[in-house]
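> As input, take structure02.tsv (TSV, C-alpha atoms and all ligand atoms):
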chain	number	residue	atom	x	y	z
P	1	MET	CA	-14.46	19.65	8.07
P	2	SER	CA	-12.60	18.53	4.99
P	3	TYR	CA	-9.80	20.57	3.47
P	4	ARG	CA	-10.49	23.10	0.73
P	5	HIS	CA	-7.17	22.74	-1.05
P	6	VAL	CA	-4.66	19.90	-0.75
P	7	ALA	CA	-1.17	20.37	-2.21
P	8	ILE	CA	0.86	17.26	-2.98
P	9	ILE	CA	4.63	17.48	-3.26
P	10	GLY	CA	6.04	14.41	-5.07
P	11	LEU	CA	3.75	12.82	-7.67
P	12	GLY	CA	4.86	9.17	-7.63
P	13	LEU	CA	2.98	6.13	-6.34
P	14	ILE	CA	1.76	7.64	-3.07
P	15	GLY	CA	1.34	11.30	-4.12
P	16	GLY	CA	-0.43	10.25	-7.32
P	17	SER	CA	-2.71	7.87	-5.43
P	18	ILE	CA	-3.65	10.61	-2.96
P	19	GLY	CA	-4.47	12.99	-5.84
P	20	LEU	CA	-6.65	10.40	-7.59
P	21	ALA	CA	-8.33	9.36	-4.33
P	22	VAL	CA	-9.14	12.98	-3.37
P	23	ARG	CA	-10.76	13.54	-6.78
P	24	GLU	CA	-12.91	10.44	-6.27
P	25	ASP	CA	-13.71	10.67	-2.55
P	26	LEU	CA	-13.59	14.43	-1.86
P	27	PRO	CA	-14.78	16.00	-5.12
P	28	ASP	CA	-15.13	19.47	-3.55
P	29	THR	CA	-11.47	19.57	-2.56
P	30	LYS	CA	-9.08	21.25	-4.99
P	31	THR	CA	-5.68	19.60	-5.56
P	32	THR	CA	-2.42	21.01	-6.78
P	33	GLY	CA	0.83	19.12	-7.21
P	34	TRP	CA	4.51	19.55	-7.90
P	35	ASP	CA	7.40	17.14	-8.48
P	36	ILE	CA	11.07	18.00	-8.79
P	37	ASP	CA	11.33	15.88	-11.97
P	38	PRO	CA	9.93	17.60	-15.11
P	39	ALA	CA	9.20	14.23	-16.75
P	40	VAL	CA	7.10	13.26	-13.71
P	41	ARG	CA	5.24	16.59	-13.86
P	42	ARG	CA	4.49	15.97	-17.54
P	43	ARG	CA	3.17	12.47	-16.93
P	44	ALA	CA	1.23	13.61	-13.84
P	45	ARG	CA	-0.48	16.23	-16.00
P	46	GLU	CA	-1.35	13.61	-18.66
P	47	ARG	CA	-2.84	11.29	-16.02
P	48	GLY	CA	-4.55	14.14	-14.15
P	49	LEU	CA	-3.02	13.09	-10.83
P	50	THR	CA	-3.94	16.51	-9.38
P	51	ASP	CA	-6.31	19.18	-10.73
P	52	THR	CA	-3.30	21.36	-11.50
P	53	VAL	CA	0.33	20.29	-11.81
P	54	CYS	CA	2.42	23.38	-11.05
P	55	GLU	CA	5.82	24.32	-12.42
P	56	ASP	CA	7.18	25.34	-9.02
P	57	ALA	CA	6.74	24.25	-5.43
P	58	GLY	CA	5.67	27.67	-4.16
P	59	GLU	CA	2.85	27.92	-6.66
P	60	ALA	CA	1.62	24.44	-5.66
P	61	VAL	CA	1.36	25.18	-1.91
P	62	ARG	CA	0.10	28.78	-2.06
P	63	GLY	CA	-3.38	28.91	-0.51
P	64	ALA	CA	-3.39	25.20	0.45
P	65	ASP	CA	-4.79	24.26	3.87
P	66	LEU	CA	-3.13	20.80	3.72
P	67	VAL	CA	0.30	20.14	2.20
P	68	ILE	CA	1.44	16.50	1.98
P	69	LEU	CA	5.08	15.70	1.26
P	70	CYS	CA	5.18	12.48	-0.78
P	71	VAL	CA	8.90	12.30	-1.56
P	72	PRO	CA	11.52	9.73	-0.45
P	73	VAL	CA	12.40	10.13	3.23
P	74	GLY	CA	15.88	11.46	2.36
P	75	ALA	CA	14.35	14.18	0.15
P	76	MET	CA	12.00	15.49	2.87
P	77	PRO	CA	14.41	18.28	4.01
P	78	ALA	CA	14.76	19.58	0.43
P	79	ALA	CA	10.98	19.40	-0.10
P	80	ALA	CA	10.35	21.28	3.18
P	81	ALA	CA	12.85	23.96	2.15
P	82	ALA	CA	11.20	24.31	-1.27
P	83	ILE	CA	7.75	25.08	0.23
P	84	ALA	CA	8.61	26.98	3.45
P	85	ALA	CA	8.38	30.54	2.06
P	86	ASP	CA	4.99	30.05	0.40
P	87	LEU	CA	2.94	28.17	3.01
P	88	SER	CA	-0.24	29.81	4.28
P	89	PRO	CA	0.00	30.52	8.02
P	90	GLU	CA	-3.03	28.30	8.82
P	91	CYS	CA	-1.95	25.30	6.74
P	92	VAL	CA	-1.17	21.83	8.09
P	93	VAL	CA	1.99	20.18	6.77
P	94	SER	CA	1.96	16.39	6.66
P	95	ASP	CA	3.92	13.66	4.89
P	96	VAL	CA	3.67	9.96	4.02
P	97	GLY	CA	7.23	8.82	4.83
P	98	SER	CA	7.78	5.20	5.82
P	99	SER	CA	9.78	6.16	8.93
P	100	LYS	CA	8.61	8.85	11.27
P	101	ARG	CA	11.00	10.04	14.04
P	102	THR	CA	13.67	11.79	11.95
P	103	ILE	CA	11.05	13.29	9.62
P	104	THR	CA	8.93	14.60	12.49
P	105	ASP	CA	11.89	16.30	14.17
P	106	MET	CA	13.18	17.69	10.88
P	107	LEU	CA	9.80	19.12	9.79
P	108	VAL	CA	9.15	20.73	13.19
P	109	ASP	CA	12.61	22.39	13.02
P	110	ALA	CA	12.38	23.36	9.35
P	111	LEU	CA	8.87	24.85	9.53
P	112	PRO	CA	8.68	26.82	12.79
P	113	GLY	CA	5.22	28.25	13.50
P	114	PHE	CA	3.43	25.80	11.18
P	115	THR	CA	1.28	22.86	12.25
P	116	VAL	CA	3.19	19.69	11.44
P	117	ILE	CA	1.30	16.37	11.67
P	118	PRO	CA	3.20	13.48	10.05
P	119	ALA	CA	1.45	10.34	8.82
P	120	HIS	CA	2.23	7.04	7.14
P	121	PRO	CA	-0.28	5.19	4.98
P	122	VAL	CA	0.72	1.54	5.39
P	123	ALA	CA	-0.26	0.80	1.83
P	124	GLY	CA	1.88	0.46	-1.24
P	125	THR	CA	3.19	-1.77	-3.95
P	126	GLU	CA	6.61	-2.53	-5.42
P	127	HIS	CA	5.87	-0.04	-8.23
P	128	SER	CA	6.84	3.62	-8.14
P	129	GLY	CA	6.54	6.73	-10.26
P	130	PRO	CA	3.63	8.71	-11.75
P	131	ASP	CA	2.15	5.70	-13.56
P	132	ALA	CA	1.93	3.57	-10.42
P	133	GLY	CA	-0.75	5.48	-8.47
P	134	PHE	CA	-4.38	4.35	-8.22
P	135	SER	CA	-7.31	5.79	-6.33
P	136	MET	CA	-8.17	2.66	-4.29
P	137	LEU	CA	-4.70	2.23	-2.79
P	138	PHE	CA	-5.74	3.30	0.71
P	139	HIS	CA	-9.04	1.43	0.91
P	140	GLN	CA	-9.15	-0.71	4.05
P	141	ARG	CA	-5.46	-0.05	4.72
P	142	TRP	CA	-4.07	1.45	7.91
P	143	CYS	CA	-2.77	4.98	8.02
P	144	ILE	CA	-0.70	5.76	11.12
P	145	VAL	CA	-0.74	9.40	12.20
P	146	THR	CA	2.15	10.41	14.47
P	147	PRO	CA	1.39	13.88	15.90
P	148	PRO	CA	4.06	15.66	17.93
P	149	ALA	CA	3.13	15.70	21.65
P	150	ASP	CA	1.90	19.32	21.54
P	151	ALA	CA	-0.12	19.00	18.30
P	152	ASP	CA	-3.50	20.75	18.13
P	153	ARG	CA	-6.10	17.99	18.71
P	154	ALA	CA	-8.66	19.53	16.36
P	155	GLN	CA	-6.08	19.59	13.57
P	156	VAL	CA	-5.14	15.96	14.26
P	157	ALA	CA	-8.83	14.98	14.12
P	158	ARG	CA	-9.18	16.81	10.80
P	159	LEU	CA	-6.24	14.92	9.28
P	160	VAL	CA	-7.65	11.62	10.62
P	161	ASP	CA	-10.97	12.48	8.92
P	162	PHE	CA	-9.12	13.20	5.67
P	163	TRP	CA	-7.49	9.75	5.62
P	164	GLU	CA	-10.73	8.07	6.57
P	165	SER	CA	-12.41	9.83	3.63
P	166	LEU	CA	-9.85	8.12	1.35
P	167	GLY	CA	-10.93	4.74	2.74
P	168	ALA	CA	-8.15	4.22	5.29
P	169	MET	CA	-8.41	2.99	8.88
P	170	VAL	CA	-6.47	5.39	11.08
P	171	GLU	CA	-4.43	4.89	14.24
P	172	THR	CA	-2.45	7.57	16.06
P	173	MET	CA	0.87	6.65	17.61
P	174	ASP	CA	4.09	8.14	18.91
P	175	ALA	CA	6.77	8.37	16.17
P	176	ASP	CA	9.28	6.20	18.06
P	177	HIS	CA	6.74	3.47	18.58
P	178	HIS	CA	5.75	3.67	14.90
P	179	ASP	CA	9.38	3.18	13.90
P	180	LYS	CA	9.73	0.04	16.07
P	181	VAL	CA	6.50	-1.52	14.82
P	182	LEU	CA	7.29	-0.79	11.17
P	183	ALA	CA	10.88	-2.00	11.57
P	184	VAL	CA	9.57	-5.50	12.22
P	185	THR	CA	6.44	-5.49	10.03
P	186	SER	CA	7.79	-3.72	6.94
P	187	HIS	CA	11.44	-2.67	7.02
P	188	ILE	CA	13.09	-5.97	8.01
P	189	PRO	CA	10.83	-8.00	5.66
P	190	HIS	CA	12.07	-5.80	2.82
P	191	LEU	CA	15.67	-6.26	3.97
P	192	ILE	CA	15.18	-10.03	4.02
P	193	ALA	CA	13.64	-9.99	0.53
P	194	TYR	CA	16.45	-7.84	-0.89
P	195	THR	CA	19.03	-10.11	0.74
P	196	ILE	CA	17.57	-13.51	-0.22
P	197	VAL	CA	17.06	-12.50	-3.84
P	198	GLY	CA	20.63	-11.16	-3.90
P	199	THR	CA	21.94	-14.35	-2.30
P	200	ALA	CA	20.13	-16.58	-4.81
P	201	SER	CA	21.42	-14.62	-7.78
P	202	ASP	CA	25.02	-14.69	-6.46
P	203	MET	CA	25.21	-18.47	-6.02
P	204	GLU	CA	27.76	-20.33	-8.09
P	205	THR	CA	26.20	-23.81	-7.90
P	206	VAL	CA	22.78	-22.62	-9.08
P	207	THR	CA	22.67	-20.57	-12.25
P	208	ARG	CA	20.85	-17.26	-12.49
P	209	SER	CA	18.60	-18.69	-15.20
P	210	GLU	CA	17.65	-21.58	-12.88
P	211	VAL	CA	16.72	-19.07	-10.18
P	212	ILE	CA	14.45	-17.24	-12.61
P	213	LYS	CA	13.05	-20.44	-14.16
P	214	TYR	CA	12.16	-22.20	-10.91
P	215	SER	CA	11.07	-19.18	-8.89
P	216	ALA	CA	7.68	-20.54	-7.92
P	217	GLY	CA	5.56	-19.58	-4.91
P	218	GLY	CA	7.65	-18.37	-2.01
P	219	PHE	CA	10.69	-17.05	-3.86
P	220	ARG	CA	8.49	-15.28	-6.40
P	221	ASP	CA	6.80	-13.39	-3.54
P	222	PHE	CA	10.22	-12.32	-2.29
P	223	THR	CA	11.19	-11.07	-5.77
P	224	ARG	CA	8.08	-8.85	-5.85
P	225	ILE	CA	9.14	-7.14	-2.63
P	226	ALA	CA	12.80	-7.03	-3.74
P	227	ALA	CA	11.70	-5.04	-6.82
P	228	SER	CA	10.73	-2.08	-4.60
P	229	ASP	CA	12.32	1.30	-5.21
P	230	PRO	CA	16.02	1.36	-4.17
P	231	THR	CA	16.05	5.10	-3.33
P	232	MET	CA	13.01	4.83	-1.08
P	233	TRP	CA	14.38	1.83	0.81
P	234	ARG	CA	17.92	3.17	1.14
P	235	ASP	CA	16.40	6.23	2.81
P	236	VAL	CA	14.20	4.14	5.12
P	237	PHE	CA	17.21	2.21	6.45
P	238	LEU	CA	19.30	5.37	6.82
P	239	ASN	CA	16.46	7.01	8.80
P	240	ASN	CA	15.22	4.12	10.95
P	241	LYS	CA	18.66	2.82	11.85
P	242	ASP	CA	18.22	2.24	15.60
P	243	ALA	CA	14.86	0.45	15.49
P	244	VAL	CA	15.93	-1.69	12.52
P	245	LEU	CA	19.20	-2.69	14.22
P	246	GLU	CA	17.36	-3.58	17.44
P	247	MET	CA	14.77	-5.74	15.63
P	248	LEU	CA	17.45	-7.23	13.38
P	249	ASP	CA	19.38	-8.48	16.45
P	250	THR	CA	16.24	-10.22	17.72
P	251	PHE	CA	15.58	-11.69	14.28
P	252	LEU	CA	19.16	-12.96	13.94
P	253	THR	CA	18.88	-14.66	17.36
P	254	ASP	CA	15.68	-16.41	16.24
P	255	LEU	CA	17.25	-17.35	12.89
P	256	ALA	CA	20.22	-18.87	14.74
P	257	LEU	CA	17.76	-20.96	16.79
P	258	MET	CA	16.20	-22.28	13.58
P	259	ARG	CA	19.63	-22.97	12.13
P	260	GLU	CA	20.50	-24.97	15.26
P	261	ALA	CA	17.18	-26.87	15.10
P	262	ILE	CA	17.94	-27.88	11.50
P	263	ARG	CA	21.51	-28.85	12.34
P	264	ALA	CA	20.37	-30.93	15.36
P	265	GLY	CA	17.43	-32.53	13.54
P	266	ASP	CA	15.08	-30.95	16.11
P	267	GLY	CA	11.80	-31.37	14.25
P	268	GLN	CA	9.70	-30.39	17.25
P	269	THR	CA	11.15	-26.85	17.41
P	270	MET	CA	10.57	-26.41	13.69
P	271	PHE	CA	7.02	-27.77	13.89
P	272	ASP	CA	6.15	-25.55	16.89
P	273	THR	CA	7.55	-22.40	15.23
P	274	PHE	CA	5.83	-23.06	11.91
P	275	SER	CA	2.52	-23.78	13.69
P	276	ARG	CA	2.72	-20.51	15.61
P	277	THR	CA	3.43	-18.49	12.46
P	278	ARG	CA	0.69	-20.25	10.49
P	279	ALA	CA	-1.77	-19.14	13.20
P	280	ILE	CA	-0.61	-15.52	12.73
P	281	ARG	CA	-1.22	-15.69	8.97
P	282	ARG	CA	-4.67	-17.18	9.61
P	283	SER	CA	-5.61	-14.34	11.95
P	284	ILE	CA	-4.49	-11.76	9.35
P	285	VAL	CA	-6.69	-13.47	6.73
P	286	ALA	CA	-9.59	-13.70	9.21
P	287	LEU	CA	-9.34	-9.93	9.76
P	288	GLY	CA	-9.57	-9.44	6.00
P	289	GLN	CA	-6.11	-7.84	5.90
P	290	ASP	CA	-4.46	-10.15	3.41
P	291	ASP	CA	-3.97	-9.08	-0.19
P	292	ALA	CA	-7.48	-10.03	-1.18
P	293	ARG	CA	-7.87	-6.96	-3.42
P	294	PRO	CA	-7.96	-7.88	-7.10
P	295	ASP	CA	-4.60	-7.43	-8.83
P	296	PHE	CA	-3.02	-5.97	-5.71
P	297	GLY	CA	0.57	-5.07	-6.37
P	298	ARG	CA	0.62	-6.39	-9.87
P	299	GLY	CA	0.58	-3.07	-11.60
P	300	ASP	CA	-2.55	-3.56	-13.70
P	301	HIS	CA	-4.87	-1.76	-11.32
P	302	LYS	CA	-4.70	1.73	-12.77
U	401	LIG	N1	6.03	2.76	-2.06
U	401	LIG	C1	5.36	2.38	-0.98
U	401	LIG	O1	4.94	1.23	-0.87
U	401	LIG	C2	5.14	3.38	0.12
U	401	LIG	C3	4.09	3.16	1.04
U	401	LIG	C4	3.87	4.10	2.04
U	401	LIG	C5	4.69	5.22	2.16
U	401	LIG	N2	5.71	5.39	1.27
U	401	LIG	C6	6.54	6.59	1.41
U	401	LIG	O2	6.01	7.54	0.50
U	401	LIG	C7	7.04	8.39	0.01
U	401	LIG	C8	6.98	8.39	-1.52
U	401	LIG	O3	7.14	7.07	-1.99
U	401	LIG	P1	6.60	6.63	-3.42
U	401	LIG	O4	6.53	5.15	-3.40
U	401	LIG	O5	5.44	7.43	-3.82
U	401	LIG	O6	7.87	7.04	-4.30
U	401	LIG	P2	7.94	7.42	-5.87
U	401	LIG	O7	9.34	7.21	-6.26
U	401	LIG	O8	6.87	6.72	-6.61
U	401	LIG	O9	7.61	8.99	-5.86
U	401	LIG	C9	8.41	9.92	-5.23
U	401	LIG	C10	8.43	11.19	-6.08
U	401	LIG	O10	9.11	12.21	-5.35
U	401	LIG	C11	9.82	13.01	-6.29
U	401	LIG	N3	10.83	13.79	-5.57
U	401	LIG	C12	12.03	13.39	-5.10
U	401	LIG	N4	12.65	14.40	-4.46
U	401	LIG	C13	11.82	15.45	-4.50
U	401	LIG	C14	11.88	16.78	-4.00
U	401	LIG	N5	12.93	17.20	-3.30
U	401	LIG	N6	10.85	17.62	-4.24
U	401	LIG	C15	9.77	17.20	-4.97
U	401	LIG	N7	9.66	15.94	-5.48
U	401	LIG	C16	10.66	15.08	-5.22
U	401	LIG	C17	10.35	12.03	-7.29
U	401	LIG	O11	10.68	12.68	-8.52
U	401	LIG	C18	9.19	11.04	-7.41
U	401	LIG	O12	8.34	11.34	-8.49
U	401	LIG	C19	8.33	7.87	0.59
U	401	LIG	O13	8.70	8.66	1.69
U	401	LIG	C20	7.99	6.46	1.04
U	401	LIG	O14	8.78	6.07	2.15
U	401	LIG	C21	5.93	4.53	0.24
U	402	LIG	O1	2.95	-4.24	-0.38
U	402	LIG	C1	4.01	-3.73	-0.64
U	402	LIG	O2	4.55	-3.86	-1.73
U	402	LIG	C2	4.66	-2.88	0.35
U	402	LIG	O3	5.82	-3.05	0.48
U	402	LIG	C3	3.92	-1.87	1.09
U	402	LIG	C4	4.56	-1.34	2.34
U	402	LIG	C5	4.71	-2.49	3.36
U	402	LIG	O4	5.80	-2.86	3.75
U	402	LIG	O5	3.66	-3.00	3.78
U	402	LIG	C6	5.89	-0.76	2.05
U	402	LIG	C7	6.32	0.37	2.62
U	402	LIG	C8	5.43	1.24	3.30
U	402	LIG	O6	5.93	2.26	3.98
U	402	LIG	C9	4.11	0.80	3.50
U	402	LIG	C10	3.69	-0.33	2.90
Step by step, read the file and then write its structure as structure tokens.
Ligand SMILES: NC(=O)c1ccc[n+]([C@@H]2O[C@H](COP(=O)([O-])OP(=O)(O)OC[C@H]3O[C@@H](n4cnc5c(N)ncnc54)[C@H](O)[C@@H]3O)[C@@H](O)[C@H]2O)c1
Ligand SMILES: O=C(O)C(=O)C[C@]1(C(=O)O)C=C[C@@H](O)C=C1

Amino acid sequence: MSYRHVAIIGLGLIGGSIGLAVREDLPDTKTTGWDIDPAVRRRARERGLTDTVCEDAGEAVRGADLVILCVPVGAMPAAAAAIAADLSPECVVSDVGSSKRTITDMLVDALPGFTVIPAHPVAGTEHSGPDAGFSMLFHQRWCIVTPPADADRAQVARLVDFWESLGAMVETMDADHHDKVLAVTSHIPHLIAYTIVGTASDMETVTRSEVIKYSAGGFRDFTRIAASDPTMWRDVFLNNKDAVLEMLDTFLTDLALMREAIRAGDGQTMFDTFSRTRAIRRSIVALGQDDARPDFGRGDHK
């Protein structure tokens, strides 16, 4: 049974996309929204990101049977505090944060007596803010739901249905496992992109204008990822510290092996590694999970 009234707290890329997707895919569901930033509320109203954009958090969540927190991970405690007094007793509180363990524990503590079922749509772009959202964002993308061990199964199934209605493929997973998987598939890739773009722009022997001028193919792809929102990513690394450090150690060991292969002129090791990784890319493409969507991530898909 779909929700009657979905409240969205935080009306940037993800919150705005949920609002637009609900209007398109669940036309009988009412949406309300609130953002801490008045300029975002204004723009959200102009774009119609939710049916109503409220002037306070309490007004937005009153009567909602699903509340989704779509704020940076570090702002989740403040968002939970802003809504706590006005939640309906039967409502489900969820979120879209990119890391899950600290958020799950915090929401369960901050909202005693309420049903908390965190989730993470693994879909996004390097753009943020109220102009970045679009209704198709979740189509054929994974959404990982991380219910606490004692979560009501019927409520979990209902949230899974909700995400499927927005076009997502849904997997449920323990929060710790989510954080390890996403550390290697999303968090460390972003760290590498931020670092390599920083390294290139700091070099003394290659000018900054040369970096911009000759940034073809590979480096250009890194710059797209390195343009992602600094607040969001700072919060991800502060909140998924252990899993990121563990995966980073493994990555640094593998990088050192490649460094040694280059130093020693060991072409076979390089060829074997590159062949293995090319096969991984080909299986992603074969599954239809590459960025085949038109204009994906280029900001002209509104
Ligand atoms: N960007 C992505 O690719 C992506 C993908 C999946 C999940 N996420 C997660 O989704 C969440 C939102 O990310 P986004 O990309 O939509 O960010 P965004 O910057 O586009 O939007 C976040 C919004 O939250 C608002 N906000 C901040 N603190 C608030 C508070 N205390 N109360 C109410 N509003 C508040 C901001 O004003 C902003 O408008 C983050 O937790 C992020 O980790 C992001
Ligand atoms: O495609 C991008 O721009 C993204 O970075 C999206 C991406 C990812 O790493 O896949 C980023 C963070 C999320 O939590 C989920 C999705």
> Could you give me the residues within 6 Å of ligand LIG 401 (chain U), counting all atoms listed in the file, as a PDB file with C-alpha atoms, keeping the file's coordinate frame?

ATOM      1  CA  ILE P   9       4.630  17.480  -3.260  1.00  0.00           C
ATOM      2  CA  GLY P  10       6.040  14.410  -5.070  1.00  0.00           C
ATOM      3  CA  LEU P  11       3.750  12.820  -7.670  1.00  0.00           C
ATOM      4  CA  GLY P  12       4.860   9.170  -7.630  1.00  0.00           C
ATOM      5  CA  LEU P  13       2.980   6.130  -6.340  1.00  0.00           C
ATOM      6  CA  ILE P  14       1.760   7.640  -3.070  1.00  0.00           C
ATOM      7  CA  GLY P  15       1.340  11.300  -4.120  1.00  0.00           C
ATOM      8  CA  ASP P  35       7.400  17.140  -8.480  1.00  0.00           C
ATOM      9  CA  ILE P  36      11.070  18.000  -8.790  1.00  0.00           C
ATOM     10  CA  ASP P  37      11.330  15.880 -11.970  1.00  0.00           C
ATOM     11  CA  VAL P  40       7.100  13.260 -13.710  1.00  0.00           C
ATOM     12  CA  CYS P  70       5.180  12.480  -0.780  1.00  0.00           C
ATOM     13  CA  VAL P  71       8.900  12.300  -1.560  1.00  0.00           C
ATOM     14  CA  PRO P  72      11.520   9.730  -0.450  1.00  0.00           C
ATOM     15  CA  VAL P  73      12.400  10.130   3.230  1.00  0.00           C
ATOM     16  CA  ALA P  75      14.350  14.180   0.150  1.00  0.00           C
ATOM     17  CA  ALA P  78      14.760  19.580   0.430  1.00  0.00           C
ATOM     18  CA  ALA P  79      10.980  19.400  -0.100  1.00  0.00           C
ATOM     19  CA  VAL P  96       3.670   9.960   4.020  1.00  0.00           C
ATOM     20  CA  GLY P  97       7.230   8.820   4.830  1.00  0.00           C
ATOM     21  CA  SER P  98       7.780   5.200   5.820  1.00  0.00           C
ATOM     22  CA  HIS P 120       2.230   7.040   7.140  1.00  0.00           C
ATOM     23  CA  PRO P 121      -0.280   5.190   4.980  1.00  0.00           C
ATOM     24  CA  VAL P 122       0.720   1.540   5.390  1.00  0.00           C
ATOM     25  CA  ALA P 123      -0.260   0.800   1.830  1.00  0.00           C
ATOM     26  CA  GLY P 124       1.880   0.460  -1.240  1.00  0.00           C
ATOM     27  CA  THR P 125       3.190  -1.770  -3.950  1.00  0.00           C
ATOM     28  CA  SER P 128       6.840   3.620  -8.140  1.00  0.00           C
ATOM     29  CA  GLY P 129       6.540   6.730 -10.260  1.00  0.00           C
ATOM     30  CA  MET P 232      13.010   4.830  -1.080  1.00  0.00           C
TER      31      MET P 232
END
> Quick check, in Å to one decimal: how far apart do atom CA of P:Gly58 and atom CA of P:Ala154 lie?
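Interatomic distance, atom CA of P:Gly58 to atom CA of P:Ala154: 26.3 Å.
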> When you count all atoms listed in the file, which of these residues is closest to P:Thr172: P:Gly217, P:Pro130, P:Pro230, P:Pro147?
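Under the stated criterion, the closest residue is P:Pro147.
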> Let me have all residues with an atom within 10 Å of ligand LIG 402 (chain U), counting only C-alpha atoms and all ligand atoms, laid out as a PyMOL selection string.
chain P and resi 14+96-99+120-127+141-143+182-190+221+224-229+232-233+236+291+296-298
> P:Ala21, P:Ile117, P:Phe251, P:Ile196: which is nearest P:Ala157, counting only C-alpha atoms?
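Selected residue with least distance to P:Ala157: P:Ile117.
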> Just the number, please: distance in Å from atom CA of P:Leu248 to atom CA of P:Lys180, one decimal.
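A separation of 10.9 Å between them.
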> Taking only C-alpha atoms into account, which of P:Arg4, P:Arg45, P:Lys30, P:Arg158 comes nearest P:Asp65?
P:Arg4
> Can you tell me, as a list in words, what residues are no more than 10 Å from P:Val156 when counting only C-alpha atoms, ignoring any on the same chain fewer than 5 positions away?
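Here the qualifying residues turn out to be Val92, Thr115, Val116, Ile117, Pro118, Val145, Thr146, Pro147, Pro148, Ala151, Asp161, Phe162 and Thr172 of chain P.
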> Just to confirm, what's the straight-line distance from atom CA of P:Arg220 to atom CA of P:His139 in Å (one decimal)?
25.3 Å
> Could you check the closest approach to P:Ile144 for each of P:Val285, P:Val170, P:Leu111, P:Ile212 and tell me which residue wins, using all atoms listed in the file?
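Of P:Val285, P:Val170, P:Leu111, P:Ile212, the one nearest P:Ile144 is P:Val170, counting all atoms listed in the file.
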> Once 4 Å is added on each side, what centre and edge lengths in Å to one decimal does the axis-aligned box around all listed atoms of stretch 36-53 of chain P have, as AutoDock Vina command-line options?

--center_x 2.5 --center_y 16.3 --center_z -13.7 --size_x 25.6 --size_y 18.1 --size_z 17.9
> Measuring between only C-alpha atoms, which one of P:Ala216, P:Ala261, P:Ala256, P:Val244 shows the shortest distance to P:Leu191?
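Using only C-alpha atoms, the shortest distance to P:Leu191 belongs to P:Val244.
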> Pick out the closest residue to P:His177 from this set: P:Glu59, P:Glu164, P:Asp202, P:Asp242. Count only C-alpha atoms.
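Of P:Glu59, P:Glu164, P:Asp202, P:Asp242, the one nearest P:His177, counting only C-alpha atoms, is P:Asp242.
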> For stretch 23-29 of chain P, please output as a list of chain:residue names all residues within 10 Å (counting only C-alpha atoms; exclusion window: fewer than 5 positions along the same chain).
P:Ser2, P:Tyr3, P:Arg4, P:His5, P:Val6, P:Ser17, P:Ile18, P:Gly48, P:Leu49, P:Thr50, P:Asp51, P:Ser135, P:Met136, P:Phe162, P:Glu164, P:Ser165, P:Leu166, P:Gly167
> Which polymer residues, protein or nucleic acid, are no farther than 7 Å from (5.9, 23.9, -4.6), counting only C-alpha atoms, as number ranges by chain?
P: 9, 34, 56-61, 82-83
> For P:Phe222, please output as a VMD selection string all residues within 8 Å (counting all atoms listed in the file; exclusion window: fewer than 5 positions along the same chain).
chain P and resid 193 to 194 196 to 197
> Any chance you could model N, CA and C atoms for stretch 263-274 of chain P and send them as a PDB file, keeping the file's coordinate frame?

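Below is the file that was written, out_38.pdb:
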ATOM      1  N   ARG P 263      20.254 -28.113  12.173  1.00  0.00           N
ATOM      2  CA  ARG P 263      21.510 -28.850  12.340  1.00  0.00           C
ATOM      3  C   ARG P 263      21.323 -30.072  13.256  1.00  0.00           C
ATOM      4  N   ALA P 264      20.545 -29.877  14.360  1.00  0.00           N
ATOM      5  CA  ALA P 264      20.370 -30.930  15.360  1.00  0.00           C
ATOM      6  C   ALA P 264      19.246 -31.907  15.013  1.00  0.00           C
ATOM      7  N   GLY P 265      18.568 -31.666  13.898  1.00  0.00           N
ATOM      8  CA  GLY P 265      17.430 -32.530  13.540  1.00  0.00           C
ATOM      9  C   GLY P 265      16.281 -32.392  14.535  1.00  0.00           C
ATOM     10  N   ASP P 266      16.108 -31.199  15.098  1.00  0.00           N
ATOM     11  CA  ASP P 266      15.080 -30.950  16.110  1.00  0.00           C
ATOM     12  C   ASP P 266      13.749 -30.566  15.436  1.00  0.00           C
ATOM     13  N   GLY P 267      13.046 -31.595  14.979  1.00  0.00           N
ATOM     14  CA  GLY P 267      11.800 -31.370  14.250  1.00  0.00           C
ATOM     15  C   GLY P 267      10.726 -30.697  15.084  1.00  0.00           C
ATOM     16  N   GLN P 268      10.739 -30.959  16.394  1.00  0.00           N
ATOM     17  CA  GLN P 268       9.700 -30.390  17.250  1.00  0.00           C
ATOM     18  C   GLN P 268       9.774 -28.864  17.258  1.00  0.00           C
ATOM     19  N   THR P 269      10.992 -28.313  17.402  1.00  0.00           N
ATOM     20  CA  THR P 269      11.150 -26.850  17.410  1.00  0.00           C
ATOM     21  C   THR P 269      10.655 -26.261  16.095  1.00  0.00           C
ATOM     22  N   MET P 270      11.021 -26.923  15.002  1.00  0.00           N
ATOM     23  CA  MET P 270      10.570 -26.410  13.690  1.00  0.00           C
ATOM     24  C   MET P 270       9.045 -26.453  13.609  1.00  0.00           C
ATOM     25  N   PHE P 271       8.475 -27.616  13.989  1.00  0.00           N
ATOM     26  CA  PHE P 271       7.020 -27.770  13.890  1.00  0.00           C
ATOM     27  C   PHE P 271       6.301 -26.725  14.748  1.00  0.00           C
ATOM     28  N   ASP P 272       6.801 -26.507  15.981  1.00  0.00           N
ATOM     29  CA  ASP P 272       6.150 -25.550  16.890  1.00  0.00           C
ATOM     30  C   ASP P 272       6.224 -24.130  16.302  1.00  0.00           C
ATOM     31  N   THR P 273       7.397 -23.748  15.794  1.00  0.00           N
ATOM     32  CA  THR P 273       7.550 -22.400  15.230  1.00  0.00           C
ATOM     33  C   THR P 273       6.637 -22.213  14.024  1.00  0.00           C
ATOM     34  N   PHE P 274       6.641 -23.200  13.123  1.00  0.00           N
ATOM     35  CA  PHE P 274       5.830 -23.060  11.910  1.00  0.00           C
ATOM     36  C   PHE P 274       4.334 -23.047  12.248  1.00  0.00           C
TER      37      PHE P 274
END
